[in-house]
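Enquirer: Just passing along the structure, written as structure tokens.
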4 protein chains.
Amino acid sequence: MIQIGIIGSTGYAGQELVRLLLQHSEAKIIWYGSKSYVGTPYSQVFQNMFELVDADCLEDNLEKLSEQADVIFTATPQGYLASLLNEKILSNTKVIDLSADFRLKNVEVYEDWYKIEHKSPQFLSEAVYGLCELNREEIKKARLIANPGCYPTCSILSIYPLLNEGLIDPSTLIIDAKSGTSGAGRGAKLGNLFCEVNENIKAYGVTSHRHTPEIEEQLTRAAKTEVTLNFTPHLVPMNRGILVTAYASLTKKISQEEIHAVYEKYYEKEYFVRVLKPDLCPETRWVEGSNFVDVNTVIDPRTNRVIMMGAMDNLVKGAAGQAVQNMNLMFGLKETKGLEIAPIFP
Amino acid sequence: MIQIGIIGSTGYAGQELVRLLLQHSEAKIIWYGSKSYVGTPYSQVFQNMFELVDADCLEDNLEKLSEQADVIFTATPQGYLASLLNEKILSNTKVIDLSADFRLKNVEVYEDWYKIEHKSPQFLSEAVYGLCELNREEIKKARLIANPGCYPTCSILSIYPLLNEGLIDPSTLIIDAKSGTSGAGRGAKLGNLFCEVNENIKAYGVTSHRHTPEIEEQLTRAAKTEVTLNFTPHLVPMNRGILVTAYASLTKKISQEEIHAVYEKYYEKEYFVRVLKPDLCPETRWVEGSNFVDVNTVIDPRTNRVIMMGAMDNLVKGAAGQAVQNMNLMFGLKETKGLEIAPIFP
Amino acid sequence: MIQIGIIGSTGYAGQELVRLLLQHSEAKIIWYGSKSYVGTPYSQVFQNMFELVDADCLEDNLEKLSEQADVIFTATPQGYLASLLNEKILSNTKVIDLSADFRLKNVEVYEDWYKIEHKSPQFLSEAVYGLCELNREEIKKARLIANPGCYPTCSILSIYPLLNEGLIDPSTLIIDAKSGTSGAGRGAKLGNLFCEVNENIKAYGVTSHRHTPEIEEQLTRAAKTEVTLNFTPHLVPMNRGILVTAYASLTKKISQEEIHAVYEKYYEKEYFVRVLKPDLCPETRWVEGSNFVDVNTVIDPRTNRVIMMGAMDNLVKGAAGQAVQNMNLMFGLKETKGLEIAPIFP
Amino acid sequence: MIQIGIIGSTGYAGQELVRLLLQHSEAKIIWYGSKSYVGTPYSQVFQNMFELVDADCLEDNLEKLSEQADVIFTATPQGYLASLLNEKILSNTKVIDLSADFRLKNVEVYEDWYKIEHKSPQFLSEAVYGLCELNREEIKKARLIANPGCYPTCSILSIYPLLNEGLIDPSTLIIDAKSGTSGAGRGAKLGNLFCEVNENIKAYGVTSHRHTPEIEEQLTRAAKTEVTLNFTPHLVPMNRGILVTAYASLTKKISQEEIHAVYEKYYEKEYFVRVLKPDLCPETRWVEGSNFVDVNTVIDPRTNRVIMMGAMDNLVKGAAGQAVQNMNLMFGLKETKGLEIAPIFP
């Protein structure tokens, strides 16, 4: 039984970790960390957990926790983990960080986009970017996982095969993404109120969203050439789900069938990536609550572009689910353990 | 492994059965019945099931299926099962009927409220009303289960303890219920369109909803006196969930603590009924996707009434989940098998 | 041209006042009061007003404003107006208060339910309860209007005819109400976040909601006998709209047609109250954005009860629209001026 | 008083025409045409119109109507008007067609994208594309207006200034658009059901949506060079609103301020196009119910692209509102007449 601590268990991603780990037969949560709810029963913060979780929230004490836990998940604000991580913690336990602190290898890029100083750049090179489908072998051996951002996970998996094959021109890449509101977190902010989000759609963070360099870094690795792209996120009036619609110019004449075959080859053995049948577009409703990413493409011969689409649940494959997938890999378990539930619809 | 057939697997309740049975370690679906989609891959009707279900929809052939299945779930329109059921089928297999055909013991009441002739009243006395918490022992021995309606399940579990204890006056009972839109089914009707349901709330079937006699019959059994009540359902712009707010006059002076203790006593051993802490009101978001019913009460000394509230997922405890719970009981399995998932939030 | 000041113009009700007054040919807003946004352009707080309102938010200075304005609308928290009102202000200008400060004639009842001390009870007897359909003549002569609460407006108009006619037993009255989320205000609270409200329904303030004594006081006046009732509000995942479903026992045998005729008689000359055709239930979607209240009833001969239903837009007839209607009456204008827009659908 | 007939008044766009014309002081609707509801009171089809519209639906008889009406609005399926229009009708009355029949000048393009034969291509050259901001003078003299599609209106107004100025490279244009569900019409289709649309986002008509050639034709006129582009619409779980996010490469070094100045120059005198303050992104909630289009841009120096955004209400500026705006122009009225209402929020 893996002993698990969660720092930041009272946000949406933290709570989703709890939901998933409750149905994981090898996992036992021993620490429900929280900044705002210390001493409060966890099931009072999230009443869905009533009679399922019988524990109070504990302070977010990373070092103390590292002595008891086999693995710590940190679902915390940017900068938190970087300010506390040390060699002792990492020698005690494994850490899967759901924040952005260790996702970017270049500390200047991090500080430039996140506008905060990185307090432990010495761990950047060790940290493994936990996109399981791409970095499976490194993940298995890692002590420190940078769990990918929600938009990057969906974007990268949607684009990677064509980019890696050299079939699209990286300089033409545009990602137009749409997310449900749980991605904005559980903070009580005006912009997240029901009446402000409902019956509305808007772009935000245009040209400046902090997932941009993360996507670029990973796609640069894939393309083996510098990728600079436009990434525009939008806020959609729904709880969960991310949809990515990405555009790029094709580098050569290629048929829809051939493109489809590329995706099928790349993801043939990937349980969590579903390449849809031709002509079907990914929709967030078909992946809700699950760790699946649905992908598909459409070629436009008129413009010589390909439209690459991906849909996933931002709280599962985009956060907690992928974190559990990483844990499974790190502990030598079946990769899908605890993640085999079917998507919930409607 | 229980061999399972589903007649009407392409409605919302049928699909929810599939979702739940996929995570049930003793269940194997061998027949995805459908009226409209015969020959179509099931995962094309519900793309959440892509790569999870590899079967085509079959015709709704009850008799043929009865020879292969250990149990048949019928998630079909009213009158369907009654028109086809016979002794041969019931001697071949068990039947759990999610329609209303065998819920009312009195055939005149059925025909009066449903406006159709009942074609097999001879099975009415044998059929067991599958509200597990009330009829557990009869269910274990049954061949034919009348799986309760969604509103009745939530209403009865919310009211039963006080009525059974004689603490409320049955003649004062009023049930004001609110349901998500999946309860209206997957038929392409104007009234169920997004733009008609969204940003709206309305009552419907006022004084005439067909769940009324079902609730009355069951509460009459509990109260050991004729119960006639008002039941008013409302349509809420959300996918899942039922909330019941019920009102009745108290028959004697009693404290909030004593009332609460009654519920705790009645549901102490019931895994799926959660009696909330005092002062908390049930909310549908805390039970979504799960088989839980959350209940609680508030006494109003000013009017000498008690407000009884219950929340549950109409597709789970209100349909497919309770059907699986019934199956578990009928096959001697652990009652919670396949139903232990935590509610999904948000 | 009526010179208008709005104190609290940056909440939802305040903004709705602005929207309505912009299309009122006799109204000119000269003061956009705000506590949180002083100095900010109003159209930056509410971008729908961009290029329509060219003014900055001003401090909430009641006395200074009273010297410039013909009428002041206060859309402020409970206790605010009571703490500042004085004879000088009322001799300078008319005041229409959208808060609850002057709705209850009995100061103890106010302090008991609102848990705050009332600072100017001397104006309670002068204040006119601004439910236009009931108190039209007093309103015309008033200096101080207590603009009714949203739930009370819808409840009273739905119940009043039968109660006034003695056709229902006041001791059996139960009001089950449902409201959109704008009724909860624009404060940044966890409970109002999109992900907390969406896909959920819950009761709140059960037996303790502060609109209860307001409804009781007004219905007591109508019934000429003490009315004590149950009022249970629910939060619905939609922006606007209130639906009231009220229950009471009939005091004598009466037909559906006769009941309907009572409503038609009472509301025959009321532009804003629409008595629906028989068999139609009020729905909030049909009144959105307008000052209409749609009402109708259903009799249940089985239980000898009548179900009274009303639907309206909580921000219009339930707040800003009724306030404008009051203003029209006070200034001798056509009562419907600025309020004749059709409901917006979908 | 302009005598108005509406063919297809019982769809969402037809109903919106009614709502807007009711508040237009020079307009009188004399014919509520319908295919499905002939003989039914209009206010029974749309109960928001109860006591506001006292007329029954009439058959969709274009020729007969042309003898009585000064102008006919056709909110009908593609191909309908083209199959019926003749010189006699056009000599009797003006026609504003909300369908696509006369939007494309090239009949082959029409037949290719719409998959139907065009029955009256002889009127294509006469028809004026009714995008008021671009074609105001031609509209004033027209007998036959092709009222623009919703997506094209928003896309063209968002892109036009930069394209017309030669500041963006037409070959790089990509339009990613998002629409509320009323754009899908009031037909009872599975895909438009509440539970299918709610909590979901998806792309549809990828590379094949029929608004593509319409946008291309108009932008080609603006750019004076052939424009071929990608247009991808998405379905958003909200009733109203369209958001366009368009991408293109800049043809020269230019600052954010200069780009902004271009938009301000182009739309300085346009009441219905609001160029937002720098750094603000258009949001559909700020234009709901109104005829406004909010536009703004962001330059990305990293990629040398500009992101052009536009938000509007698909039923108003995207359909009925623009149709009324066209009528105003054609009849020499103030262009904003009947359209000056502020957007409704929330």
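By order in the structure tokens, chains are A, B, ...; within a chain, residues start at 1; ligands start at 1, following the order shown.
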Please provide as an MDAnalysis selection string all residues within 9 Å of D:Pro343, with the sequence filter that same-chain residues fewer than 3 positions apart are discarded (counting only C-alpha atoms).

Expert: (chainID C and resid 19 48:49) or (chainID D and resid 285:292)

Enquirer: Could you list, with a cut-off of 9 Å and counting only C-alpha atoms, the residues of chain A near chain C, each shown with its nearest atom pair and the distance in Å rounded to one decimal, rows sorted by chain and ascending number, as CSV?

Expert:
```
residue,atom,partner,partner_atom,distance
A:Thr181,CA,C:Cys195,CA,6.7
A:Ser182,CA,C:Cys195,CA,6.3
A:Arg186,CA,C:Leu190,CA,7.3
A:Gly187,CA,C:Leu190,CA,7.0
A:Ala188,CA,C:Leu190,CA,4.9
A:Lys189,CA,C:Ala188,CA,5.2
A:Leu190,CA,C:Ala188,CA,4.9
A:Gly191,CA,C:Ala188,CA,8.4
A:Asn192,CA,C:Leu193,CA,5.6
A:Leu193,CA,C:Leu193,CA,4.1
A:Phe194,CA,C:Phe194,CA,3.7
A:Cys195,CA,C:Asn239,CA,5.6
A:Glu196,CA,C:Phe194,CA,8.1
A:Val197,CA,C:Phe194,CA,6.5
A:Asn198,CA,C:Phe194,CA,7.2
A:Glu199,CA,C:Asn239,CA,8.3
A:Pro237,CA,C:Phe194,CA,8.0
A:Met238,CA,C:Asn198,CA,7.7
A:Asn239,CA,C:Cys195,CA,5.6
A:Arg240,CA,C:Cys195,CA,8.9
```

Enquirer: Grab the residues selected above and save them as an mmCIF file, in the first residue's frame with N, CA and C atoms.

Expert:
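Generated file (out13.cif):
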```cif
data_model
loop_
_atom_site.group_PDB
_atom_site.id
_atom_site.type_symbol
_atom_site.label_atom_id
_atom_site.label_comp_id
_atom_site.auth_asym_id
_atom_site.auth_seq_id
_atom_site.Cartn_x
_atom_site.Cartn_y
_atom_site.Cartn_z
ATOM 1 N N THR A 181 -14.385 25.711 -16.369
ATOM 2 C CA THR A 181 -14.062 26.707 -15.362
ATOM 3 C C THR A 181 -13.315 26.145 -14.158
ATOM 4 N N SER A 182 -13.339 24.843 -13.958
ATOM 5 C CA SER A 182 -12.582 24.292 -12.830
ATOM 6 C C SER A 182 -11.098 24.568 -12.997
ATOM 7 N N ARG A 186 -10.374 27.197 -7.234
ATOM 8 C CA ARG A 186 -11.501 27.367 -6.306
ATOM 9 C C ARG A 186 -11.432 28.675 -5.535
ATOM 10 N N GLY A 187 -10.589 29.599 -6.000
ATOM 11 C CA GLY A 187 -10.493 30.882 -5.306
ATOM 12 C C GLY A 187 -11.748 31.726 -5.534
ATOM 13 N N ALA A 188 -12.145 32.456 -4.501
ATOM 14 C CA ALA A 188 -13.375 33.251 -4.594
ATOM 15 C C ALA A 188 -13.081 34.578 -5.283
ATOM 16 N N LYS A 189 -13.071 34.522 -6.617
ATOM 17 C CA LYS A 189 -12.786 35.720 -7.409
ATOM 18 C C LYS A 189 -14.007 36.123 -8.224
ATOM 19 N N LEU A 190 -14.188 37.416 -8.373
ATOM 20 C CA LEU A 190 -15.313 37.944 -9.148
ATOM 21 C C LEU A 190 -15.451 37.257 -10.506
ATOM 22 N N GLY A 191 -14.340 37.130 -11.200
ATOM 23 C CA GLY A 191 -14.382 36.588 -12.560
ATOM 24 C C GLY A 191 -14.833 35.150 -12.643
ATOM 25 N N ASN A 192 -14.818 34.440 -11.522
ATOM 26 C CA ASN A 192 -15.225 33.039 -11.525
ATOM 27 C C ASN A 192 -16.630 32.818 -10.998
ATOM 28 N N LEU A 193 -17.334 33.900 -10.674
ATOM 29 C CA LEU A 193 -18.701 33.750 -10.179
ATOM 30 C C LEU A 193 -19.600 33.155 -11.260
ATOM 31 N N PHE A 194 -20.598 32.449 -10.810
ATOM 32 C CA PHE A 194 -21.523 31.822 -11.752
ATOM 33 C C PHE A 194 -22.057 32.818 -12.780
ATOM 34 N N CYS A 195 -22.554 33.954 -12.294
ATOM 35 C CA CYS A 195 -23.202 34.896 -13.217
ATOM 36 C C CYS A 195 -22.224 35.589 -14.159
ATOM 37 N N GLU A 196 -20.948 35.496 -13.883
ATOM 38 C CA GLU A 196 -19.945 36.111 -14.760
ATOM 39 C C GLU A 196 -19.473 35.120 -15.831
ATOM 40 N N VAL A 197 -19.508 33.846 -15.494
ATOM 41 C CA VAL A 197 -18.989 32.818 -16.401
ATOM 42 C C VAL A 197 -20.110 32.244 -17.269
ATOM 43 N N ASN A 198 -21.254 32.054 -16.649
ATOM 44 C CA ASN A 198 -22.395 31.444 -17.330
ATOM 45 C C ASN A 198 -22.839 32.327 -18.503
ATOM 46 N N GLU A 199 -23.305 31.706 -19.562
ATOM 47 C CA GLU A 199 -23.774 32.445 -20.740
ATOM 48 C C GLU A 199 -22.696 33.389 -21.270
ATOM 49 N N PRO A 237 -18.372 28.105 -20.313
ATOM 50 C CA PRO A 237 -19.278 27.892 -19.183
ATOM 51 C C PRO A 237 -19.624 26.423 -18.959
ATOM 52 N N MET A 238 -18.670 25.668 -18.486
ATOM 53 C CA MET A 238 -18.895 24.271 -18.099
ATOM 54 C C MET A 238 -17.883 23.967 -17.002
ATOM 55 N N ASN A 239 -18.102 22.914 -16.255
ATOM 56 C CA ASN A 239 -17.215 22.614 -15.130
ATOM 57 C C ASN A 239 -15.875 22.062 -15.570
ATOM 58 N N ARG A 240 -15.927 21.030 -16.396
ATOM 59 C CA ARG A 240 -14.724 20.292 -16.759
ATOM 60 C C ARG A 240 -14.540 20.222 -18.259
#
```

Enquirer: Which of stretch 83-126 of chain A end up as alpha helix (DSSP H) when DSSP is run on this backbone - answer as a PyMOL selection string?

Expert: chain A and resi 83-84+87-92+107-114

Enquirer: Pull N, CA, C and O atoms from the residues just selected and write them as a compact mmCIF listing (two decimals), in the first residue's frame.

Expert:
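Result went into result-v1.txt, see below:
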```txt
# COMPACT_ATOMS: atom_id res chain seq x y z
N SER A 83 10.03 26.81 -3.35
CA SER A 83 10.54 27.51 -2.17
C SER A 83 10.84 26.56 -1.01
O SER A 83 11.49 26.95 -0.04
N LEU A 84 10.39 25.32 -1.07
CA LEU A 84 10.53 24.42 0.06
C LEU A 84 11.32 23.15 -0.23
O LEU A 84 11.79 22.47 0.69
N GLU A 87 17.01 18.49 -0.77
CA GLU A 87 17.53 17.14 -1.02
C GLU A 87 16.99 16.15 -0.01
O GLU A 87 16.70 15.00 -0.33
N LYS A 88 16.84 16.62 1.22
CA LYS A 88 16.34 15.71 2.27
C LYS A 88 14.95 15.17 1.92
O LYS A 88 14.68 13.98 2.04
N ILE A 89 14.10 16.07 1.50
CA ILE A 89 12.75 15.65 1.13
C ILE A 89 12.79 14.64 -0.01
O ILE A 89 12.16 13.58 0.06
N LEU A 90 13.60 14.94 -1.00
CA LEU A 90 13.66 14.04 -2.16
C LEU A 90 14.35 12.72 -1.86
O LEU A 90 14.18 11.74 -2.58
N SER A 91 15.16 12.71 -0.81
CA SER A 91 15.77 11.43 -0.45
C SER A 91 14.80 10.62 0.41
O SER A 91 14.90 9.41 0.49
N ASN A 92 13.87 11.30 1.03
CA ASN A 92 12.85 10.60 1.82
C ASN A 92 11.72 10.02 0.98
O ASN A 92 11.18 8.96 1.30
N VAL A 107 15.41 28.38 -16.32
CA VAL A 107 14.91 29.16 -15.18
C VAL A 107 14.54 30.59 -15.58
O VAL A 107 13.63 31.18 -15.03
N GLU A 108 15.24 31.13 -16.59
CA GLU A 108 14.88 32.50 -17.02
C GLU A 108 13.49 32.51 -17.66
O GLU A 108 12.71 33.45 -17.45
N VAL A 109 13.22 31.52 -18.45
CA VAL A 109 11.90 31.45 -19.09
C VAL A 109 10.83 31.36 -18.00
O VAL A 109 9.82 32.07 -18.04
N TYR A 110 11.08 30.53 -17.00
CA TYR A 110 10.14 30.41 -15.88
C TYR A 110 9.91 31.76 -15.23
O TYR A 110 8.78 32.21 -15.04
N GLU A 111 11.00 32.44 -14.87
CA GLU A 111 10.86 33.70 -14.13
C GLU A 111 10.25 34.80 -14.99
O GLU A 111 9.53 35.67 -14.51
N ASP A 112 10.51 34.69 -16.28
CA ASP A 112 9.97 35.68 -17.20
C ASP A 112 8.45 35.55 -17.34
O ASP A 112 7.71 36.54 -17.30
N TRP A 113 7.97 34.33 -17.48
CA TRP A 113 6.54 34.12 -17.70
C TRP A 113 5.75 34.10 -16.39
O TRP A 113 4.60 34.49 -16.35
N TYR A 114 6.38 33.61 -15.32
CA TYR A 114 5.63 33.48 -14.07
C TYR A 114 5.82 34.66 -13.14
O TYR A 114 5.14 34.78 -12.13
```

Enquirer: Interatomic distance between atom CA of A:Gln322 and atom CA of A:Tyr129?

Expert: 11.3 Å

Enquirer: Neighbouring residues of C:Gln325 were defined as those with any atom within 8 Å, considering only C-alpha atoms; residues of the same chain fewer than 2 positions away were excluded. Please report them as a list in words.

Expert: Cys132, Gly321, Gln322, Ala323, Met327, Asn328, Leu329, Glu335, Thr336, Lys337 and Leu339 of chain C

Enquirer: Pull all heavy atoms from the residues just selected and write them as a compact mmCIF listing (two decimals), in the first residue's frame.

Expert:
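Result file follows (result18.txt):
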```
# COMPACT_ATOMS: atom_id res chain seq x y z
N CYS C 132 -46.56 47.54 -6.34
CA CYS C 132 -47.42 48.49 -7.05
C CYS C 132 -48.84 47.98 -7.22
O CYS C 132 -49.80 48.75 -7.12
CB CYS C 132 -46.82 48.81 -8.42
SG CYS C 132 -45.10 49.31 -8.33
N GLY C 321 -36.86 46.64 -11.89
CA GLY C 321 -38.04 46.98 -12.68
C GLY C 321 -39.16 47.51 -11.81
O GLY C 321 -39.79 48.53 -12.13
N GLN C 322 -39.39 46.84 -10.71
CA GLN C 322 -40.43 47.31 -9.81
C GLN C 322 -40.06 48.68 -9.22
O GLN C 322 -40.93 49.53 -9.00
CB GLN C 322 -40.65 46.31 -8.68
CG GLN C 322 -41.78 46.70 -7.76
CD GLN C 322 -42.52 45.48 -7.23
OE1 GLN C 322 -43.58 45.12 -7.72
NE2 GLN C 322 -41.95 44.84 -6.22
N ALA C 323 -38.77 48.89 -9.00
CA ALA C 323 -38.33 50.20 -8.50
C ALA C 323 -38.66 51.29 -9.52
O ALA C 323 -39.12 52.39 -9.16
CB ALA C 323 -36.83 50.17 -8.20
N MET C 327 -41.15 54.45 -9.27
CA MET C 327 -40.78 55.81 -9.66
C MET C 327 -41.82 56.41 -10.60
O MET C 327 -42.23 57.56 -10.43
CB MET C 327 -39.41 55.80 -10.34
CG MET C 327 -38.92 57.19 -10.75
SD MET C 327 -37.45 57.14 -11.81
CE MET C 327 -38.19 56.76 -13.41
N ASN C 328 -42.23 55.64 -11.58
CA ASN C 328 -43.25 56.13 -12.52
C ASN C 328 -44.51 56.58 -11.76
O ASN C 328 -45.06 57.65 -12.04
CB ASN C 328 -43.61 55.04 -13.53
CG ASN C 328 -42.49 54.82 -14.55
OD1 ASN C 328 -41.62 55.67 -14.75
ND2 ASN C 328 -42.51 53.66 -15.20
N LEU C 329 -44.93 55.76 -10.82
CA LEU C 329 -46.12 56.12 -10.05
C LEU C 329 -45.89 57.39 -9.24
O LEU C 329 -46.73 58.28 -9.20
CB LEU C 329 -46.50 54.97 -9.11
CG LEU C 329 -47.13 53.73 -9.77
CD1 LEU C 329 -47.24 52.58 -8.78
CD2 LEU C 329 -48.49 54.08 -10.36
N GLU C 335 -47.35 54.19 -15.87
CA GLU C 335 -46.74 53.18 -15.00
C GLU C 335 -45.78 52.25 -15.73
O GLU C 335 -44.82 51.74 -15.15
CB GLU C 335 -47.85 52.37 -14.32
CG GLU C 335 -47.36 51.44 -13.23
CD GLU C 335 -48.50 50.84 -12.44
OE1 GLU C 335 -49.60 51.44 -12.40
OE2 GLU C 335 -48.32 49.76 -11.86
N THR C 336 -46.02 52.03 -17.01
CA THR C 336 -45.22 51.07 -17.76
C THR C 336 -44.01 51.71 -18.46
O THR C 336 -43.24 51.01 -19.12
CB THR C 336 -46.08 50.38 -18.83
OG1 THR C 336 -46.61 51.40 -19.69
CG2 THR C 336 -47.24 49.62 -18.20
N LYS C 337 -43.85 52.97 -18.30
CA LYS C 337 -42.79 53.69 -19.03
C LYS C 337 -41.41 53.07 -18.79
O LYS C 337 -40.99 52.86 -17.66
CB LYS C 337 -42.78 55.15 -18.60
CG LYS C 337 -42.04 56.05 -19.58
CD LYS C 337 -42.37 57.50 -19.35
CE LYS C 337 -42.21 58.36 -20.57
NZ LYS C 337 -42.78 57.85 -21.79
N LEU C 339 -40.54 50.21 -19.30
CA LEU C 339 -40.64 48.80 -18.88
C LEU C 339 -41.42 47.96 -19.89
O LEU C 339 -41.85 46.86 -19.59
CB LEU C 339 -41.35 48.72 -17.52
CG LEU C 339 -40.64 49.43 -16.37
CD1 LEU C 339 -41.54 49.51 -15.15
CD2 LEU C 339 -39.33 48.71 -16.02
```

Enquirer: Quick one: DSSP strand (DSSP E) residues in stretch 3-207 of chain A, as a PyMOL selection string?

Expert: chain A and resi 3-7+27-32+71-74+94-97+128-129+144-146+174-179+202-203

Enquirer: List the neighbours of D:Tyr80 out to 9 Å using only C-alpha atoms; skip same-chain residues closer than 6 positions along the sequence, and give me the result as a PyMOL selection string.

Expert: chain D and resi 74+99+101
